[in-house]
Amino acid sequence: MKLFFKITGIGCSTLVVLVLALLFFIGSVAPETFIYLGNEVPGKFLKKLQALDLLDEGETIQYFYSDAMFDVTASMYFLTDRKLVLRSEEWQEPTIAITFSDIESLDIFRDTSFFADSTVFVTTKAGDEYSFPLSSEKGLDERFYETLKAKAEV
């Protein structure tokens, strides 16, 4: 019986250590669950954007959100002073850059729960329709949307 408790204790302890190590790893490489303001975007993410050639010379990010678990390049959505950029490796065309003058209409479905994101819907003048998620933490989904709406003048 003593042996059973020792083996069970060692097994449980090992499992706890592995789970903590996994959580530490995810916390160190994953993006935050909220929208970053432009000046708060980590340098490691900016380097990835530059490697993908998603920013033009002198262009600045105003809002940035990624719902990716490990690598922000898998899915990210950001607003710059010149355009809206949507990226998901799951899409047929992974990167979509939309200039403000190309936006016909915008709408948002706000979800204020911690567990679900708000959704923004974009329709271009060419008739293309896109949607993308935004975290509602700190109310930054609303700020992102309102800034986009003002820039697109819709």
# chains A, B, ... in the order shown; residues from 1 in each chain; ligands from 1

$ residues_around --residues "Ala150 (chain A)" --least-positions-apart "3" --cutoff "12 Å" --atoms "only C-alpha atoms" --output "MDAnalysis selection string"
chainID A and resid 81 100:101 103 105:106 143:147 153:154

$ write_last_selection --atoms "N, CA and C atoms" --output "short mmCIF file (atom, residue, chain, number, x, y, z; two decimals), in the first residue's frame"
data_model
loop_
_atom_site.label_atom_id
_atom_site.label_comp_id
_atom_site.auth_asym_id
_atom_site.auth_seq_id
_atom_site.Cartn_x
_atom_site.Cartn_y
_atom_site.Cartn_z
N ASP A 81 -1.96 53.31 -39.76
CA ASP A 81 -2.38 54.65 -40.16
C ASP A 81 -2.79 54.70 -41.64
N PHE A 100 -8.42 52.19 -46.55
CA PHE A 100 -9.64 52.77 -45.99
C PHE A 100 -10.62 53.20 -47.08
N SER A 101 -10.08 53.69 -48.19
CA SER A 101 -10.96 54.16 -49.27
C SER A 101 -11.69 53.01 -49.97
N ILE A 103 -13.19 50.56 -48.33
CA ILE A 103 -14.22 50.03 -47.44
C ILE A 103 -15.56 50.69 -47.71
N SER A 105 -18.65 49.34 -46.15
CA SER A 105 -19.42 49.33 -44.91
C SER A 105 -18.72 48.49 -43.84
N LEU A 106 -19.09 48.79 -42.60
CA LEU A 106 -18.55 48.10 -41.42
C LEU A 106 -19.67 47.82 -40.45
N ARG A 143 -12.85 50.58 -29.46
CA ARG A 143 -11.92 51.63 -29.91
C ARG A 143 -11.32 51.30 -31.28
N PHE A 144 -10.94 50.04 -31.48
CA PHE A 144 -10.41 49.59 -32.77
C PHE A 144 -11.46 49.85 -33.85
N TYR A 145 -12.69 49.39 -33.60
CA TYR A 145 -13.78 49.54 -34.56
C TYR A 145 -14.09 51.00 -34.85
N GLU A 146 -14.21 51.82 -33.83
CA GLU A 146 -14.53 53.23 -34.03
C GLU A 146 -13.42 53.96 -34.79
N THR A 147 -12.17 53.62 -34.52
CA THR A 147 -11.06 54.23 -35.25
C THR A 147 -11.11 53.81 -36.72
N GLU A 153 -14.45 56.42 -43.07
CA GLU A 153 -15.51 57.40 -43.30
C GLU A 153 -16.81 56.75 -43.73
N VAL A 154 -17.20 55.70 -42.99
CA VAL A 154 -18.48 55.03 -43.30
C VAL A 154 -19.45 55.17 -42.14
#

$ closest_atom_pairs --of "region 109-132 of chain A" --to "region 86-89 of chain A" --cutoff "12 Å" --atoms "only C-alpha atoms" --output "tab-separated table"
residue	atom	partner	partner_atom	distance
A:Val120	CA	A:Leu86	CA	11.2
A:Phe121	CA	A:Leu86	CA	11.7
A:Val122	CA	A:Leu86	CA	10.7
A:Tyr130	CA	A:Leu86	CA	8.8
A:Ser131	CA	A:Leu86	CA	8.9
A:Phe132	CA	A:Leu86	CA	7.4

$ select_by_dssp --residues "region 28-106 of chain A" --states "strand (DSSP E)" --output "list in words"
Tyr36, Leu37, Ile61, Gln62, Tyr63, Phe64, Tyr65, Ser75, Met76, Tyr77, Phe78, Leu79, Thr80, Lys83, Leu84, Val85, Leu86, Arg87, Ser88, Thr95, Ile96, Ala97, Ile98, Thr99, Ile103, Glu104, Ser105 and Leu106 of chain A

$ atom_distance --atom1 "CA of Tyr36 (chain A)" --atom2 "CA of Glu137 (chain A)"
10.5 Å

$ residues_around --residues "Lys125 (chain A)" --least-positions-apart "2" --cutoff "7 Å" --atoms "only C-alpha atoms" --output "list of chain:residue names"
A:Asp102, A:Ile103, A:Glu104, A:Thr123, A:Gly127

$ residues_around --residues "Leu79 (chain A)" --least-positions-apart "4" --cutoff "10 Å" --atoms "only C-alpha atoms" --output "ChimeraX atom specification"
/A:37-38,60-65,83-86,97-98,144-145,147-148

$ residues_around --residues "Glu90 (chain A)" --least-positions-apart "5" --cutoff "12 Å" --atoms "only C-alpha atoms" --output "MDAnalysis selection string"
chainID A and resid 68 73:76 95

$ write_last_selection --atoms "N, CA and C atoms" --output "PDB file, in the first residue's frame"
ATOM      1  N   ALA A  68      -3.998  33.797 -32.231  1.00  0.00           N
ATOM      2  CA  ALA A  68      -3.167  32.599 -32.388  1.00  0.00           C
ATOM      3  C   ALA A  68      -2.675  32.122 -31.025  1.00  0.00           C
ATOM      4  N   THR A  73       1.851  34.931 -36.600  1.00  0.00           N
ATOM      5  CA  THR A  73       1.668  34.946 -38.051  1.00  0.00           C
ATOM      6  C   THR A  73       0.563  33.991 -38.505  1.00  0.00           C
ATOM      7  N   ALA A  74       0.123  33.103 -37.621  1.00  0.00           N
ATOM      8  CA  ALA A  74      -0.956  32.168 -37.965  1.00  0.00           C
ATOM      9  C   ALA A  74      -2.280  32.897 -38.120  1.00  0.00           C
ATOM     10  N   SER A  75      -2.543  33.887 -37.273  1.00  0.00           N
ATOM     11  CA  SER A  75      -3.741  34.717 -37.417  1.00  0.00           C
ATOM     12  C   SER A  75      -3.547  36.016 -36.644  1.00  0.00           C
ATOM     13  N   MET A  76      -3.672  37.115 -37.366  1.00  0.00           N
ATOM     14  CA  MET A  76      -3.528  38.432 -36.751  1.00  0.00           C
ATOM     15  C   MET A  76      -4.323  39.452 -37.545  1.00  0.00           C
ATOM     16  N   THR A  95      -3.242  36.675 -46.529  1.00  0.00           N
ATOM     17  CA  THR A  95      -3.157  38.073 -46.108  1.00  0.00           C
ATOM     18  C   THR A  95      -4.037  38.955 -46.974  1.00  0.00           C
TER      19      THR A  95
END

$ atom_distance --atom1 "CA of Val72 (chain A)" --atom2 "CA of Lys48 (chain A)"
8.1 Å

$ atom_distance --atom1 "CA of Thr119 (chain A)" --atom2 "CA of Met69 (chain A)"
18.3 Å
